[in-house]
$ cat run-v5.pdb   # PDB, C-alpha atoms, pLDDT in the B column
ATOM      1  CA  MET B 799     -42.446  28.269 -29.619  1.00 83.00           C
ATOM      2  CA  ALA B 800     -39.390  26.427 -30.954  1.00 86.00           C
ATOM      3  CA  GLY B 801     -37.459  27.807 -28.024  1.00 88.00           C
ATOM      4  CA  LEU B 802     -39.989  26.426 -25.589  1.00 91.00           C
ATOM      5  CA  ILE B 803     -39.875  22.990 -27.209  1.00 91.00           C
ATOM      6  CA  THR B 804     -36.065  22.945 -27.075  1.00 89.00           C
ATOM      7  CA  PHE B 805     -36.212  23.944 -23.449  1.00 88.00           C
ATOM      8  CA  LEU B 806     -38.659  21.177 -22.592  1.00 90.00           C
ATOM      9  CA  VAL B 807     -36.663  18.581 -24.504  1.00 89.00           C
ATOM     10  CA  LEU B 808     -33.461  19.600 -22.733  1.00 88.00           C
ATOM     11  CA  LEU B 809     -35.268  19.490 -19.414  1.00 89.00           C
ATOM     12  CA  LEU B 810     -36.586  15.999 -20.120  1.00 90.00           C
ATOM     13  CA  VAL B 811     -33.192  14.756 -21.321  1.00 88.00           C
ATOM     14  CA  GLY B 812     -31.612  16.191 -18.196  1.00 87.00           C
ATOM     15  CA  LEU B 813     -34.248  14.624 -15.981  1.00 90.00           C
ATOM     16  CA  ILE B 814     -34.062  11.133 -17.488  1.00 91.00           C
ATOM     17  CA  PHE B 815     -30.326  10.808 -18.078  1.00 89.00           C
ATOM     18  CA  GLY B 816     -29.430  12.717 -14.942  1.00 88.00           C
ATOM     19  CA  ARG B 817     -31.550  10.316 -12.873  1.00 90.00           C
ATOM     20  CA  ILE B 818     -30.088   7.252 -14.567  1.00 91.00           C
ATOM     21  CA  ASN B 819     -26.533   8.541 -14.167  1.00 89.00           C
ATOM     22  CA  GLU B 820     -27.061   9.387 -10.552  1.00 91.00           C
ATOM     23  CA  SER B 821     -28.645   6.133  -9.462  1.00 92.00           C
ATOM     24  CA  ARG B 822     -25.967   4.188 -11.321  1.00 93.00           C
ATOM     25  CA  HIS B 823     -23.272   6.233  -9.651  1.00 93.00           C
ATOM     26  CA  PHE B 824     -24.766   5.676  -6.200  1.00 94.00           C
ATOM     27  CA  ALA B 825     -24.892   1.907  -6.844  1.00 95.00           C
ATOM     28  CA  ILE B 826     -21.211   1.863  -7.861  1.00 95.00           C
ATOM     29  CA  LEU B 827     -20.312   3.991  -4.853  1.00 95.00           C
ATOM     30  CA  LYS B 828     -22.055   1.606  -2.495  1.00 95.00           C
ATOM     31  CA  ARG B 829     -20.174  -1.353  -3.939  1.00 95.00           C
ATOM     32  CA  ASP B 830     -16.796   0.421  -3.842  1.00 94.00           C
ATOM     33  CA  GLU B 831     -17.309   1.685  -0.322  1.00 94.00           C
ATOM     34  CA  GLU B 832     -18.043  -1.831   0.886  1.00 94.00           C
ATOM     35  CA  MET B 833     -14.992  -3.145  -0.928  1.00 93.00           C
ATOM     36  CA  LEU B 834     -12.743  -0.526   0.663  1.00 93.00           C
ATOM     37  CA  SER B 835     -14.365  -0.514   4.100  1.00 92.00           C
ATOM     38  CA  ASP B 836     -11.339  -2.231   5.697  1.00 92.00           C
ATOM     39  CA  ILE B 837      -9.251   0.906   5.203  1.00 92.00           C
ATOM     40  CA  MET B 838      -9.811   3.137   8.187  1.00 91.00           C
ATOM     41  CA  THR B 839     -10.188   6.815   7.392  1.00 92.00           C
ATOM     42  CA  VAL B 840     -10.059   9.356  10.172  1.00 90.00           C
ATOM     43  CA  ASN B 841      -9.345  13.027  10.414  1.00 90.00           C
ATOM     44  CA  LEU B 842      -7.243  12.693  13.530  1.00 88.00           C
ATOM     45  CA  LYS B 843      -3.716  13.995  13.409  1.00 86.00           C
ATOM     46  CA  ARG B 844      -2.169  11.687  15.972  1.00 85.00           C
ATOM     47  CA  VAL B 845      -0.962   8.394  14.592  1.00 83.00           C
ATOM     48  CA  PRO B 846      -0.834   5.606  17.241  1.00 80.00           C
ATOM     49  CA  ASP B 847       2.582   4.122  17.959  1.00 73.00           C
ATOM     50  CA  ASP B 848       1.795   0.757  16.405  1.00 71.00           C
ATOM     51  CA  LEU B 849       1.063   2.357  13.033  1.00 65.00           C
ATOM     52  CA  GLN B 850       4.560   3.348  12.277  1.00 66.00           C
ATOM     53  CA  GLN B 851       5.234   2.280   8.741  1.00 71.00           C
ATOM     54  CA  GLY B 852       5.536   4.204   5.539  1.00 76.00           C
ATOM     55  CA  ALA B 853       3.591   7.420   5.746  1.00 87.00           C
ATOM     56  CA  VAL B 854       2.587   8.386   2.221  1.00 91.00           C
ATOM     57  CA  LEU B 855       0.404  11.211   1.002  1.00 93.00           C
ATOM     58  CA  VAL B 856      -2.602   9.847  -0.917  1.00 94.00           C
ATOM     59  CA  GLY B 857      -5.382  11.669  -2.671  1.00 95.00           C
ATOM     60  CA  GLY B 858      -8.309  11.327  -5.030  1.00 95.00           C
ATOM     61  CA  ASN B 859     -10.330  13.837  -6.975  1.00 94.00           C
ATOM     62  CA  VAL B 860     -13.432  13.950  -9.116  1.00 94.00           C
ATOM     63  CA  VAL B 861     -15.305  16.566 -11.120  1.00 91.00           C
ATOM     64  CA  VAL B 862     -19.043  16.011 -11.398  1.00 91.00           C
ATOM     65  CA  ALA B 863     -21.189  18.089 -13.717  1.00 88.00           C
ATOM     66  CA  VAL B 864     -24.607  19.328 -12.819  1.00 87.00           C
ATOM     67  CA  ASP B 865     -27.343  18.278 -15.256  1.00 87.00           C
ATOM     68  CA  TYR B 866     -29.791  20.610 -16.946  1.00 86.00           C
ATOM     69  CA  PHE B 867     -32.786  19.521 -14.913  1.00 88.00           C
ATOM     70  CA  LYS B 868     -31.028  20.034 -11.591  1.00 88.00           C
ATOM     71  CA  LYS B 869     -29.861  23.421 -12.684  1.00 85.00           C
ATOM     72  CA  ILE B 870     -33.325  24.630 -13.656  1.00 87.00           C
ATOM     73  CA  VAL B 871     -34.947  23.214 -10.521  1.00 88.00           C
ATOM     74  CA  ALA B 872     -32.278  24.836  -8.352  1.00 86.00           C
ATOM     75  CA  GLY B 873     -32.738  28.119 -10.208  1.00 85.00           C
ATOM     76  CA  LEU B 874     -36.482  28.077  -9.469  1.00 89.00           C
ATOM     77  CA  LYS B 875     -35.951  27.003  -5.890  1.00 88.00           C
ATOM     78  CA  GLN B 876     -33.615  29.894  -5.328  1.00 86.00           C
ATOM     79  CA  LEU B 877     -36.517  32.279  -5.800  1.00 90.00           C
ATOM     80  CA  ILE B 878     -38.169  31.031  -2.640  1.00 91.00           C
ATOM     81  CA  GLY B 879     -35.075  29.755  -0.840  1.00 88.00           C
ATOM     82  CA  GLY B 880     -34.750  26.640   1.233  1.00 88.00           C
ATOM     83  CA  ARG B 881     -33.166  23.289   0.681  1.00 89.00           C
ATOM     84  CA  LEU B 882     -31.636  22.639  -2.748  1.00 88.00           C
ATOM     85  CA  LYS B 883     -31.993  18.882  -2.715  1.00 88.00           C
ATOM     86  CA  THR B 884     -30.823  18.491  -6.317  1.00 87.00           C
ATOM     87  CA  TYR B 885     -27.444  20.001  -5.448  1.00 89.00           C
ATOM     88  CA  GLU B 886     -27.190  18.123  -2.184  1.00 91.00           C
ATOM     89  CA  THR B 887     -27.075  14.769  -3.945  1.00 92.00           C
ATOM     90  CA  LEU B 888     -24.619  16.157  -6.514  1.00 91.00           C
ATOM     91  CA  VAL B 889     -22.111  17.233  -3.890  1.00 92.00           C
ATOM     92  CA  GLU B 890     -22.680  14.097  -1.835  1.00 94.00           C
ATOM     93  CA  ARG B 891     -21.825  11.739  -4.650  1.00 93.00           C
ATOM     94  CA  ALA B 892     -18.792  13.768  -5.666  1.00 95.00           C
ATOM     95  CA  ARG B 893     -17.513  13.753  -2.106  1.00 95.00           C
ATOM     96  CA  ARG B 894     -18.030  10.034  -1.674  1.00 95.00           C
ATOM     97  CA  GLU B 895     -16.354   9.351  -5.006  1.00 95.00           C
ATOM     98  CA  ALA B 896     -13.313  11.440  -4.054  1.00 96.00           C
ATOM     99  CA  ILE B 897     -12.974   9.483  -0.797  1.00 96.00           C
ATOM    100  CA  VAL B 898     -13.310   6.177  -2.667  1.00 96.00           C
ATOM    101  CA  ARG B 899     -10.532   7.209  -5.051  1.00 96.00           C
ATOM    102  CA  MET B 900      -8.294   8.279  -2.201  1.00 96.00           C
ATOM    103  CA  LYS B 901      -8.847   4.877  -0.588  1.00 96.00           C
ATOM    104  CA  LYS B 902      -8.031   3.113  -3.854  1.00 95.00           C
ATOM    105  CA  ASP B 903      -4.792   5.079  -3.946  1.00 94.00           C
ATOM    106  CA  ALA B 904      -4.057   3.869  -0.410  1.00 94.00           C
ATOM    107  CA  ARG B 905      -4.945   0.280  -1.315  1.00 94.00           C
ATOM    108  CA  GLU B 906      -2.395   0.358  -4.140  1.00 93.00           C
ATOM    109  CA  ILE B 907       0.436   0.985  -1.713  1.00 91.00           C
ATOM    110  CA  GLY B 908      -0.939  -1.539   0.760  1.00 90.00           C
ATOM    111  CA  ALA B 909      -1.958   0.893   3.506  1.00 91.00           C
ATOM    112  CA  ASN B 910      -4.579   0.071   6.135  1.00 89.00           C
ATOM    113  CA  ALA B 911      -5.409   3.493   7.465  1.00 91.00           C
ATOM    114  CA  ILE B 912      -5.560   7.092   6.299  1.00 94.00           C
ATOM    115  CA  TYR B 913      -4.969   9.830   8.858  1.00 93.00           C
ATOM    116  CA  ASN B 914      -5.831  13.494   8.827  1.00 93.00           C
ATOM    117  CA  VAL B 915      -8.227  13.300   5.901  1.00 95.00           C
ATOM    118  CA  ARG B 916      -9.024  16.698   4.416  1.00 94.00           C
ATOM    119  CA  ILE B 917     -11.657  17.387   1.819  1.00 95.00           C
ATOM    120  CA  GLU B 918     -11.270  20.280  -0.545  1.00 92.00           C
ATOM    121  CA  PHE B 919     -14.123  21.703  -2.599  1.00 91.00           C
ATOM    122  CA  SER B 920     -14.070  23.945  -5.614  1.00 87.00           C
ATOM    123  CA  SER B 921     -16.768  24.930  -8.022  1.00 82.00           C
ATOM    124  CA  ILE B 922     -16.046  24.867 -11.749  1.00 78.00           C
ATOM    125  CA  GLY B 923     -17.699  27.375 -14.018  1.00 67.00           C
ATOM    126  CA  SER B 924     -18.145  26.279 -17.594  1.00 56.00           C
ATOM    127  CA  GLN B 925     -18.878  29.559 -19.319  1.00 55.00           C
ATOM    128  CA  PRO B 926     -18.701  33.150 -18.113  1.00 50.00           C
ATOM    129  CA  ARG B 927     -22.469  33.498 -18.151  1.00 51.00           C
ATOM    130  CA  GLN B 928     -23.185  30.278 -16.351  1.00 55.00           C
ATOM    131  CA  ALA B 929     -21.621  30.539 -12.959  1.00 50.00           C
ATOM    132  CA  PHE B 930     -22.093  26.902 -12.126  1.00 59.00           C
ATOM    133  CA  GLY B 931     -20.979  23.997 -14.296  1.00 77.00           C
ATOM    134  CA  GLY B 932     -19.843  21.396 -11.847  1.00 83.00           C
ATOM    135  CA  VAL B 933     -18.045  20.708  -8.614  1.00 89.00           C
ATOM    136  CA  GLU B 934     -14.620  19.345  -7.896  1.00 91.00           C
ATOM    137  CA  LEU B 935     -13.974  17.439  -4.714  1.00 94.00           C
ATOM    138  CA  PHE B 936     -10.481  16.496  -3.668  1.00 95.00           C
ATOM    139  CA  ALA B 937      -9.771  14.288  -0.664  1.00 96.00           C
ATOM    140  CA  TYR B 938      -6.296  13.709   0.715  1.00 96.00           C
ATOM    141  CA  GLY B 939      -4.623  12.279   3.751  1.00 95.00           C
ATOM    142  CA  THR B 940      -1.625  10.407   5.096  1.00 94.00           C
ATOM    143  CA  ALA B 941      -1.733   6.657   4.504  1.00 93.00           C
ATOM    144  CA  VAL B 942      -0.005   4.368   6.995  1.00 91.00           C
ATOM    145  CA  LYS B 943       0.458   0.633   7.440  1.00 86.00           C
ATOM    146  CA  PHE B 944      -0.120  -1.477  10.516  1.00 75.00           C
TER     147      PHE B 944
ATOM    148  CA  MET I1477       9.954  10.725  -4.984  1.00 46.00           C
ATOM    149  CA  GLN I1478      11.239   7.846  -2.835  1.00 53.00           C
ATOM    150  CA  ASP I1479      13.775   9.984  -1.053  1.00 78.00           C
ATOM    151  CA  LEU I1480      11.171  12.507   0.056  1.00 90.00           C
ATOM    152  CA  THR I1481       8.484  11.535   2.564  1.00 91.00           C
ATOM    153  CA  MET I1482       5.344  13.620   2.381  1.00 93.00           C
ATOM    154  CA  THR I1483       2.604  13.667   5.005  1.00 92.00           C
ATOM    155  CA  ASN I1484      -0.200  15.998   5.918  1.00 92.00           C
ATOM    156  CA  ILE I1485       0.197  15.365   9.633  1.00 91.00           C
ATOM    157  CA  GLU I1486       2.584  17.277  11.822  1.00 90.00           C
ATOM    158  CA  LEU I1487       5.236  14.593  11.934  1.00 86.00           C
ATOM    159  CA  VAL I1488       6.628  11.597  10.123  1.00 88.00           C
ATOM    160  CA  PRO I1489       5.475   8.477  12.024  1.00 84.00           C
ATOM    161  CA  GLY I1490       8.322   6.523  13.547  1.00 82.00           C
ATOM    162  CA  ARG I1491      10.929   9.171  12.845  1.00 86.00           C
ATOM    163  CA  ASP I1492      12.140  12.284  14.599  1.00 88.00           C
ATOM    164  CA  ILE I1493      12.249  15.727  13.106  1.00 91.00           C
ATOM    165  CA  VAL I1494      15.716  17.117  13.690  1.00 93.00           C
ATOM    166  CA  ARG I1495      15.539  20.345  11.745  1.00 92.00           C
ATOM    167  CA  HIS I1496      12.890  22.662  10.266  1.00 93.00           C
ATOM    168  CA  LEU I1497      13.725  24.310   6.966  1.00 94.00           C
ATOM    169  CA  GLY I1498      10.693  26.514   6.551  1.00 93.00           C
ATOM    170  CA  LEU I1499       7.722  26.731   4.237  1.00 96.00           C
ATOM    171  CA  VAL I1500       7.935  25.230   0.757  1.00 96.00           C
ATOM    172  CA  GLN I1501       5.302  25.692  -1.883  1.00 95.00           C
ATOM    173  CA  GLY I1502       4.310  24.852  -5.422  1.00 96.00           C
ATOM    174  CA  SER I1503       1.589  26.177  -7.633  1.00 94.00           C
ATOM    175  CA  THR I1504       0.295  25.986 -11.160  1.00 94.00           C
ATOM    176  CA  VAL I1505      -2.476  27.688 -13.076  1.00 92.00           C
ATOM    177  CA  ARG I1506      -4.293  25.545 -15.603  1.00 87.00           C
ATOM    178  CA  SER I1507      -6.997  26.240 -18.098  1.00 83.00           C
ATOM    179  CA  LYS I1508      -9.249  23.821 -19.917  1.00 74.00           C
ATOM    180  CA  HIS I1509      -9.209  23.524 -23.688  1.00 72.00           C
ATOM    181  CA  LEU I1510     -11.912  23.610 -26.299  1.00 68.00           C
ATOM    182  CA  GLY I1511     -12.275  19.867 -26.893  1.00 69.00           C
ATOM    183  CA  ARG I1512     -12.833  19.252 -23.235  1.00 69.00           C
ATOM    184  CA  ASP I1513     -15.195  22.153 -23.053  1.00 72.00           C
ATOM    185  CA  ILE I1514     -17.461  20.768 -25.767  1.00 75.00           C
ATOM    186  CA  MET I1515     -17.664  17.488 -23.906  1.00 73.00           C
ATOM    187  CA  ALA I1516     -18.335  19.397 -20.712  1.00 73.00           C
ATOM    188  CA  GLY I1517     -21.176  21.265 -22.411  1.00 74.00           C
ATOM    189  CA  PHE I1518     -22.786  17.972 -23.269  1.00 77.00           C
ATOM    190  CA  LYS I1519     -22.232  16.616 -19.780  1.00 78.00           C
ATOM    191  CA  ASN I1520     -23.882  19.695 -18.359  1.00 77.00           C
ATOM    192  CA  LEU I1521     -27.038  18.437 -19.996  1.00 80.00           C
ATOM    193  CA  VAL I1522     -27.039  14.883 -18.714  1.00 83.00           C
ATOM    194  CA  GLY I1523     -24.850  15.170 -15.637  1.00 84.00           C
ATOM    195  CA  GLY I1524     -22.125  12.785 -14.583  1.00 86.00           C
ATOM    196  CA  GLU I1525     -18.390  12.863 -14.225  1.00 89.00           C
ATOM    197  CA  LEU I1526     -16.272  15.205 -16.340  1.00 85.00           C
ATOM    198  CA  LYS I1527     -13.333  12.845 -16.801  1.00 86.00           C
ATOM    199  CA  GLY I1528     -11.318  15.380 -18.796  1.00 84.00           C
ATOM    200  CA  TYR I1529     -11.490  17.885 -15.959  1.00 86.00           C
ATOM    201  CA  THR I1530     -10.761  15.292 -13.308  1.00 90.00           C
ATOM    202  CA  GLU I1531      -7.606  14.348 -15.180  1.00 89.00           C
ATOM    203  CA  LEU I1532      -6.636  17.948 -15.833  1.00 88.00           C
ATOM    204  CA  LEU I1533      -6.907  18.926 -12.184  1.00 90.00           C
ATOM    205  CA  SER I1534      -5.181  15.809 -10.954  1.00 92.00           C
ATOM    206  CA  ASP I1535      -2.253  16.375 -13.347  1.00 92.00           C
ATOM    207  CA  ALA I1536      -2.051  19.995 -12.274  1.00 93.00           C
ATOM    208  CA  ARG I1537      -2.000  18.983  -8.627  1.00 94.00           C
ATOM    209  CA  ASP I1538       0.803  16.510  -9.318  1.00 94.00           C
ATOM    210  CA  GLU I1539       2.739  19.267 -11.054  1.00 95.00           C
ATOM    211  CA  ALA I1540       2.312  21.614  -8.088  1.00 96.00           C
ATOM    212  CA  THR I1541       3.392  18.854  -5.729  1.00 95.00           C
ATOM    213  CA  ARG I1542       6.459  18.179  -7.887  1.00 95.00           C
ATOM    214  CA  ARG I1543       7.444  21.833  -7.734  1.00 96.00           C
ATOM    215  CA  MET I1544       7.080  21.852  -3.986  1.00 96.00           C
ATOM    216  CA  ALA I1545       9.189  18.692  -3.742  1.00 95.00           C
ATOM    217  CA  GLU I1546      11.913  20.256  -5.892  1.00 95.00           C
ATOM    218  CA  GLU I1547      12.057  23.274  -3.643  1.00 95.00           C
ATOM    219  CA  ALA I1548      12.291  21.047  -0.571  1.00 95.00           C
ATOM    220  CA  ARG I1549      15.090  19.003  -2.127  1.00 94.00           C
ATOM    221  CA  SER I1550      17.046  22.117  -3.017  1.00 95.00           C
ATOM    222  CA  LEU I1551      16.894  23.081   0.666  1.00 94.00           C
ATOM    223  CA  GLY I1552      18.284  19.695   1.614  1.00 93.00           C
ATOM    224  CA  ALA I1553      15.102  18.332   3.189  1.00 94.00           C
ATOM    225  CA  ASN I1554      14.152  14.658   3.226  1.00 92.00           C
ATOM    226  CA  ALA I1555      10.523  15.120   4.223  1.00 94.00           C
ATOM    227  CA  ILE I1556       7.646  17.566   3.960  1.00 95.00           C
ATOM    228  CA  VAL I1557       5.082  17.630   6.766  1.00 94.00           C
ATOM    229  CA  ASN I1558       1.710  19.257   7.287  1.00 94.00           C
ATOM    230  CA  ILE I1559       0.965  19.568   3.575  1.00 95.00           C
ATOM    231  CA  ARG I1560      -2.157  21.479   2.567  1.00 95.00           C
ATOM    232  CA  TYR I1561      -3.768  21.803  -0.836  1.00 95.00           C
ATOM    233  CA  SER I1562      -5.899  24.670  -1.974  1.00 92.00           C
ATOM    234  CA  THR I1563      -7.758  25.447  -5.161  1.00 89.00           C
ATOM    235  CA  SER I1564      -8.909  28.807  -6.381  1.00 85.00           C
ATOM    236  CA  SER I1565     -10.587  29.765  -9.613  1.00 79.00           C
ATOM    237  CA  ILE I1566      -9.032  32.793 -11.224  1.00 78.00           C
ATOM    238  CA  THR I1567     -11.469  33.299 -14.083  1.00 74.00           C
ATOM    239  CA  ALA I1568     -14.307  31.158 -15.406  1.00 70.00           C
ATOM    240  CA  GLY I1569     -11.951  28.949 -17.388  1.00 71.00           C
ATOM    241  CA  ALA I1570      -8.862  28.695 -15.238  1.00 80.00           C
ATOM    242  CA  SER I1571      -7.970  27.578 -11.771  1.00 85.00           C
ATOM    243  CA  GLU I1572      -4.902  27.715  -9.597  1.00 90.00           C
ATOM    244  CA  LEU I1573      -3.744  24.668  -7.713  1.00 92.00           C
ATOM    245  CA  TYR I1574      -1.574  25.489  -4.765  1.00 94.00           C
ATOM    246  CA  VAL I1575       0.190  23.217  -2.320  1.00 96.00           C
ATOM    247  CA  TYR I1576       2.353  24.106   0.657  1.00 96.00           C
ATOM    248  CA  GLY I1577       4.024  22.429   3.575  1.00 96.00           C
ATOM    249  CA  THR I1578       6.960  22.539   5.951  1.00 96.00           C
ATOM    250  CA  ALA I1579      10.263  21.110   4.765  1.00 96.00           C
ATOM    251  CA  VAL I1580      12.069  19.165   7.474  1.00 95.00           C
ATOM    252  CA  VAL I1581      15.005  16.868   8.020  1.00 95.00           C
ATOM    253  CA  VAL I1582      14.040  13.600   9.719  1.00 92.00           C
ATOM    254  CA  GLU I1583      16.109  10.800  11.159  1.00 87.00           C
TER     255      GLU I1583
END
$ encode --input "run-v5.pdb" --output "structure tokens"
Amino acid sequence: MAGLITFLVLLLVGLIFGRINESRHFAILKRDEEMLSDIMTVNLKRVPDDLQQGAVLVGGNVVVAVDYFKKIVAGLKQLIGGRLKTYETLVERARREAIVRMKKDAREIGANAIYNVRIEFSSIGSQPRQAFGGVELFAYGTAVKF
Amino acid sequence: MQDLTMTNIELVPGRDIVRHLGLVQGSTVRSKHLGRDIMAGFKNLVGGELKGYTELLSDARDEATRRMAEEARSLGANAIVNIRYSTSSITAGASELYVYGTAVVVE
């Protein structure tokens, strides 16, 4: 019985704080993306001739943890298969955050465009038993100036 | 790092590659520590960014990049092109950060 109560409390904590964290993060992301929208990011390799100054490697990474609620919901969903919406938003916000950080890195050196953007994903296990603790997204590219 | 230009495209914009010096690489294996793990355990409840891990991995990546740059310098290169990063987890608590590219001389 005590176990069940603990489980429900953890689930509720995960649900409430996870939701708050996520919506806050999405709001910050939206603001940052607008602020950095003047930096062009493309995954093309060819740099036009007029963009010939100072090629510098820039990158940004972020590790985002999965919350308890998401984990349980995903675990249940995996029984029947289909779309794991709780993980979709997790990976989405991590990816967007990594790109934002890469752009901030580019802004610091005064670049206007990032070429050949690559996004690298890795999953971080927290304990041997739990295979899934969080995700790391790393975005990198070559920053150039006009 | 001013003397070494690094890009992940196949060339250095505005300059010509005069010589290829071959593949250079750098890697490091890092593991998390207990303090960070306790924090991570808590974060696994409520979600959100694991700042300790973000920092750890970013430091490790810098270290790998530094090693690659050293190797390139010892070959006499002044630029590294077509750089790629890769991450692999070795066990539950440790991951390897690996970076590689082609060392070149540009003019």
$ residues_around --input "run-v5.pdb" --residues "Met1515 of chain I" --least-positions-apart "6" --cutoff "10 Å" --atoms "all atoms listed in the file" --output "VMD selection string"
chain I and resid 1526 to 1528
$ write_last_selection --input "run-v5.pdb" --atoms "C-alpha atoms" --output "compact mmCIF listing (two decimals), in the coordinates of the input"
# COMPACT_ATOMS: atom_id res chain seq x y z
CA LEU I 1526 -16.27 15.20 -16.34
CA LYS I 1527 -13.33 12.84 -16.80
CA GLY I 1528 -11.32 15.38 -18.80
$ residues_around --input "run-v5.pdb" --residues "Asp1479 of chain I" --least-positions-apart "6" --cutoff "12 Å" --atoms "all atoms listed in the file" --output "list in words"
Val854 of chain B; Ala1545, Glu1546, Ala1548, Arg1549, Gly1552, Ala1553, Asn1554, Ala1555, Ile1556, Val1581 and Val1582 of chain I
$ write_last_selection --input "run-v5.pdb" --atoms "C-alpha atoms" --output "PDB file, in the coordinates of the input"
ATOM      1  CA  VAL B 854       2.587   8.386   2.221  1.00 91.00           C
TER       2      VAL B 854
ATOM      3  CA  ALA I1545       9.189  18.692  -3.742  1.00 95.00           C
ATOM      4  CA  GLU I1546      11.913  20.256  -5.892  1.00 95.00           C
ATOM      5  CA  ALA I1548      12.291  21.047  -0.571  1.00 95.00           C
ATOM      6  CA  ARG I1549      15.090  19.003  -2.127  1.00 94.00           C
ATOM      7  CA  GLY I1552      18.284  19.695   1.614  1.00 93.00           C
ATOM      8  CA  ALA I1553      15.102  18.332   3.189  1.00 94.00           C
ATOM      9  CA  ASN I1554      14.152  14.658   3.226  1.00 92.00           C
ATOM     10  CA  ALA I1555      10.523  15.120   4.223  1.00 94.00           C
ATOM     11  CA  ILE I1556       7.646  17.566   3.960  1.00 95.00           C
ATOM     12  CA  VAL I1581      15.005  16.868   8.020  1.00 95.00           C
ATOM     13  CA  VAL I1582      14.040  13.600   9.719  1.00 92.00           C
TER      14      VAL I1582
END
$ closest_residue --input "run-v5.pdb" --among "I:Glu1547, I:Leu1573, I:Ser1564, I:Ala1579" --to "Val1494 of chain I" --atoms "all atoms listed in the file"
I:Ala1579
$ resolve_selection --input "run-v5.pdb" --expression "the ChimeraX specification (/I :<6) & /B" --output "PyMOL selection string"
chain B and resi 812+815-816+843+850+854-855+860-866+923+926+940
$ resolve_selection --input "run-v5.pdb" --expression "the PyMOL selection byres ((chain I and resi 1500) around 8)" --output "MDAnalysis selection string"
chainID I and resid 1498:1499 1501:1502 1544 1547:1548 1576:1579
$ residues_around --input "run-v5.pdb" --residues "Ser1503 of chain I" --least-positions-apart "2" --cutoff "7 Å" --atoms "all atoms listed in the file" --output "PyMOL selection string"
chain I and resi 1501+1505+1540+1572-1575
$ write_last_selection --input "run-v5.pdb" --atoms "C-alpha atoms" --output "CSV table (one decimal), keeping the file's coordinate frame"
chain,number,residue,atom,x,y,z
I,1501,GLN,CA,5.3,25.7,-1.9
I,1505,VAL,CA,-2.5,27.7,-13.1
I,1540,ALA,CA,2.3,21.6,-8.1
I,1572,GLU,CA,-4.9,27.7,-9.6
I,1573,LEU,CA,-3.7,24.7,-7.7
I,1574,TYR,CA,-1.6,25.5,-4.8
I,1575,VAL,CA,0.2,23.2,-2.3
$ atom_distance --input "run-v5.pdb" --atom1 "atom CA of Arg899 of chain B" --atom2 "atom CA of Gly858 of chain B"
4.7 Å
$ atom_distance --input "run-v5.pdb" --atom1 "atom CA of Glu934 of chain B" --atom2 "atom CA of Ile922 of chain B"
6.9 Å
$ residues_around --input "run-v5.pdb" --residues "segment 907-912 of chain B" --least-positions-apart "2" --cutoff "12 Å" --atoms "only C-alpha atoms" --output "PyMOL selection string"
(chain B and resi 834-846+848-857+897-898+900-905+914-916+937-944) or (chain I and resi 1483-1485)
